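Shown next: coords.cif, given as mmCIF, C-alpha atoms.
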```
data_input
#
loop_
_atom_site.label_atom_id
_atom_site.label_comp_id
_atom_site.auth_asym_id
_atom_site.auth_seq_id
_atom_site.Cartn_x
_atom_site.Cartn_y
_atom_site.Cartn_z
CA MET F 1 101.29 102.07 81.01
CA GLN F 2 102.73 105.25 79.49
CA HIS F 3 104.80 105.54 76.31
CA VAL F 4 108.01 107.56 76.75
CA ASP F 5 110.67 108.47 74.24
CA PRO F 6 110.29 106.86 70.84
CA ASP F 7 110.97 103.30 72.04
CA GLY F 8 110.11 103.04 75.70
CA MET F 9 107.31 102.72 78.18
CA ILE F 10 106.76 103.11 81.88
CA VAL F 11 104.64 100.50 83.67
CA THR F 12 103.09 101.83 86.89
CA PRO F 13 101.28 99.59 89.37
CA SER F 14 97.70 100.48 90.25
CA SER F 15 96.94 100.93 93.93
CA GLY F 16 96.78 97.45 95.44
CA ALA F 17 97.90 95.72 92.22
CA VAL F 18 98.68 92.05 92.77
CA ASN F 19 100.67 91.46 89.56
CA PRO F 20 101.21 94.72 87.61
CA TYR F 21 102.28 94.34 83.98
CA ALA F 22 101.88 95.63 80.45
CA ARG F 23 101.02 93.03 77.83
CA ILE F 24 102.40 93.13 74.30
CA ARG F 25 100.45 90.91 71.91
CA LEU F 26 102.19 89.57 68.80
CA CYS F 27 100.12 89.76 65.62
CA GLU F 28 100.12 85.98 65.24
CA PRO F 29 101.51 83.05 67.22
CA VAL F 30 105.10 82.03 66.40
CA SER F 31 107.12 78.99 67.43
CA GLY F 32 110.84 78.47 67.93
CA ASP F 33 113.87 79.53 69.92
CA PHE F 34 113.69 83.20 70.93
CA HIS F 35 115.73 85.94 72.53
CA LEU F 36 113.98 88.76 74.43
CA ASN F 37 115.92 91.81 75.57
CA PHE F 38 115.30 95.29 76.92
CA TRP F 39 116.76 98.05 79.06
CA ILE F 40 115.33 98.90 82.47
CA PHE F 41 115.99 102.09 84.41
CA GLN F 42 115.99 103.21 88.04
CA VAL F 43 114.93 100.10 89.95
CA PRO F 44 114.65 101.26 93.59
CA LYS F 45 116.40 99.11 96.21
CA ASP F 46 113.14 98.65 98.18
CA SER F 47 111.28 97.16 95.18
CA ARG F 48 108.87 94.34 95.97
CA TRP F 49 108.01 91.95 93.12
CA HIS F 50 105.09 89.60 92.56
CA ASP F 51 107.36 87.25 90.61
CA GLY F 52 109.61 87.90 87.62
CA ILE F 53 110.24 90.93 85.43
CA ALA F 54 108.82 89.43 82.22
CA TYR F 55 106.60 86.56 81.14
CA ALA F 56 106.15 85.01 77.69
CA ALA F 57 102.92 83.09 77.07
CA ASN F 58 101.49 80.96 74.29
CA ALA F 59 98.38 81.83 72.27
CA ALA F 60 96.10 79.80 74.54
CA ASN F 61 97.67 81.57 77.55
CA ASN F 62 97.99 78.21 79.32
CA ARG F 63 101.80 77.78 79.05
CA GLY F 64 104.54 80.30 79.56
CA THR F 65 108.03 81.18 80.68
CA LEU F 66 108.76 83.49 83.61
CA PHE F 67 111.99 85.52 83.57
CA PRO F 68 113.67 86.57 86.85
CA HIS F 69 114.12 90.18 87.91
CA GLY F 70 117.14 91.88 89.41
CA ASN F 71 117.02 94.72 91.91
CA THR F 72 119.63 96.96 90.32
CA ALA F 73 120.03 100.71 90.26
CA GLY F 74 120.81 102.71 87.14
CA ALA F 75 120.34 101.28 83.66
CA THR F 76 120.53 97.52 83.08
CA PHE F 77 120.34 95.58 79.80
CA LEU F 78 118.57 92.25 80.31
CA GLY F 79 118.35 89.39 77.83
CA PHE F 80 116.62 86.00 78.02
CA ASP F 81 116.75 82.95 75.73
CA PHE F 82 113.82 80.55 75.62
CA HIS F 83 111.86 78.11 73.45
CA MET F 84 108.11 78.33 73.00
CA ASP F 85 105.46 76.95 70.68
CA ASP F 86 102.69 79.37 69.67
CA LEU F 87 104.22 82.38 71.43
CA GLN F 88 101.75 85.28 71.33
CA TYR F 89 102.16 87.42 74.48
CA ILE F 90 104.98 89.17 76.29
CA GLN F 91 104.24 90.70 79.68
CA LEU F 92 106.64 93.30 81.07
CA LYS F 93 106.25 93.56 84.83
CA CYS F 94 107.00 96.32 87.31
CA PRO F 95 107.51 96.09 91.07
CA LEU F 96 104.39 96.12 93.24
CA ASN F 97 105.45 99.43 94.78
CA HIS F 98 107.24 101.39 92.02
CA PRO F 99 106.92 102.24 88.32
CA LEU F 100 109.55 100.80 85.98
CA GLN F 101 110.79 102.14 82.65
CA PHE F 102 111.50 99.70 79.81
CA SER F 103 113.28 100.74 76.63
CA ALA F 104 114.57 99.12 73.41
CA ILE F 105 112.24 96.12 73.80
CA ASN F 106 113.19 93.43 71.30
CA LEU F 107 112.08 89.91 70.50
CA MET F 108 113.98 87.95 67.87
CA THR F 109 114.94 84.40 67.04
CA GLN F 110 118.02 83.11 68.80
CA ALA F 111 119.63 82.64 65.36
CA ASP F 112 119.08 86.34 64.57
CA TRP F 113 120.46 87.27 67.99
CA GLN F 114 123.64 85.25 67.35
CA GLU F 115 124.09 87.02 63.99
CA TYR F 116 123.43 90.41 65.57
CA LYS F 117 126.11 89.76 68.23
CA LYS F 118 128.65 89.07 65.46
CA LEU F 119 127.89 92.43 63.87
CA ILE F 120 127.64 94.45 67.09
CA PRO F 121 129.99 92.76 69.61
CA ARG F 122 129.43 95.36 72.35
CA MET F 123 125.80 94.18 72.63
CA TYR F 124 124.12 97.48 71.93
CA ALA F 125 120.37 97.01 71.91
CA LEU F 126 118.31 97.12 68.78
CA TYR F 127 115.65 99.79 68.92
CA GLY F 128 111.98 99.63 68.14
CA ASP F 129 111.30 95.95 67.39
CA LEU F 130 108.30 95.51 69.70
CA MET F 131 107.67 99.18 70.41
CA PRO F 132 106.53 101.42 67.54
CA LEU F 133 108.92 104.24 66.71
CA THR F 134 107.17 107.59 66.47
CA ASN F 135 108.13 109.72 63.54
CA GLY F 136 108.53 113.37 64.52
CA GLY F 137 108.26 114.60 60.93
CA GLY F 138 105.86 114.04 58.11
CA GLN F 139 106.38 111.86 55.08
CA GLY F 140 108.18 113.81 52.34
#
```
Please express what this file holds, its structure, as structure tokens.
Amino acid sequence: MQHVDPDGMIVTPSSGAVNPYARIRLCEPVSGDFHLNFWIFQVPKDSRWHDGIAYAANAANNRGTLFPHGNTAGATFLGFDFHMDDLQYIQLKCPLNHPLQFSAINLMTQADWQEYKKLIPRMYALYGDLMPLTNGGGQG
């Protein structure tokens, strides 16, 4: 995994990787109805996938939700709604044969997502919720 830009990352499969992913661990388990969204860039047409593009797992890592991928070119904004008890991990997955760039990675409650859509009807992504923003300047 490589951080790019202030709010993105590139996940690159290792040679022979069976299920390449980057794992984001939440500080503490949370329960409820969630919305996960992010941008992906430059998905090659010949991409081969192990399974989905993202996976959310509980704290015990014995239950989870797999989200489907789409082989699309250019930039695509993906969003998924789900319910989970004790959510603690989000895995962002790349194809078996290509790196994949993720940006503006956000996890929020579905209630917050509904409120956000009222404020920003064109569905622009929030920035920096799960990815730390880097500050180019010092504190003044």
task = For each of F:Lys93, F:Phe38, F:Gly64, F:Ala57, take the minimum atom-to-atom distance to Gly79 in chain F, counting only C-alpha atoms, then give the residue where this is smallest.
result = F:Phe38
key: Nearby residues (only C-alpha atoms) at most 10 Å from Val18 in chain F, same-chain spacing under 2 positions excluded, as JSON, numbers by chain   = {"F": [13, 14, 15, 16, 20, 21, 49, 50, 95, 96]}
query = Need the neighbours of (115.5, 86.8, 88.7): which residues are at most 10 Å away, counting all atoms listed in the file, as a PyMOL selection string?
reply = chain F and resi 51-54+66-71
Surrounding residues of Thr12 in chain F excluding itself and chain neighbours under 5 positions, 12 Å, all atoms listed in the file, as a list in words = Met1, Gln2, His3, Ala17, Asn19, Pro20, Tyr21, Ala22, Leu92, Lys93, Cys94, Pro95, Leu96, Asn97, His98, Pro99, Leu100, Gln101 and Phe102 of chain F
request  = Find the distance between CA of Tyr55 in chain F and CA of Gln91 in chain F and write it in Å to one decimal.
outcome  =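 Interatomic distance here is 5.0 Å.
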task = Figure out the distance between CA of Phe80 in chain F and CA of Trp113 in chain F, please, to one decimal in Å.
result =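 Computing it gives 10.8 Å between the two atoms.
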message = Between F:Ala104, F:Leu87, F:Val43, F:Val4, which residue has the minimum interatomic distance to Ala73 in chain F, considering all atoms listed in the file?
response =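 Closest residue, counting all atoms listed in the file: F:Val43.
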key: Gap from CA of Lys117 in chain F to CA of Ala56 in chain F - Å, one decimal   = 22.6 Å
Evaluating the PyMOL selection byres ((chain F and resi 83) around 7) on the displayed file yields which residues, as a CSV table (one decimal) with C-alpha atoms, in the coordinates of the input?
```csv
chain,number,residue,atom,x,y,z
F,32,GLY,CA,110.8,78.5,67.9
F,33,ASP,CA,113.9,79.5,69.9
F,34,PHE,CA,113.7,83.2,70.9
F,82,PHE,CA,113.8,80.6,75.6
F,84,MET,CA,108.1,78.3,73.0
```
request  = Determine the residue set returned by the PyMOL selection byres ((chain F and resi 110) around 8) for the present structure, and present it as number ranges by chain.
outcome  = F: 33-35, 81, 108-109, 111-114
query = Of the residues F:Ile105, F:Leu119, F:Leu26, F:Ile10, which is the one nearest to Gln42 in chain F, using only C-alpha atoms?
reply =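 Closest residue, counting only C-alpha atoms: F:Ile10.
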query = Smallest atom-to-atom distance to Leu78 in chain F: which of F:Ser103, F:Asp5, F:Ile120, F:Pro44, using all atoms listed in the file?
reply =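 Of F:Ser103, F:Asp5, F:Ile120, F:Pro44, the one nearest Leu78 in chain F, counting all atoms listed in the file, is F:Ser103.
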key: Counting only C-alpha atoms, the residue of F:Trp39, F:Phe77, F:Cys27, F:Tyr89 that sits nearest Thr65 in chain F   = F:Tyr89
ask   = For Leu107 in chain F, which of F:Arg48, F:Asp86, F:Asn37, F:Ala60 is the closest residue, counting only C-alpha atoms?
value = F:Asn37
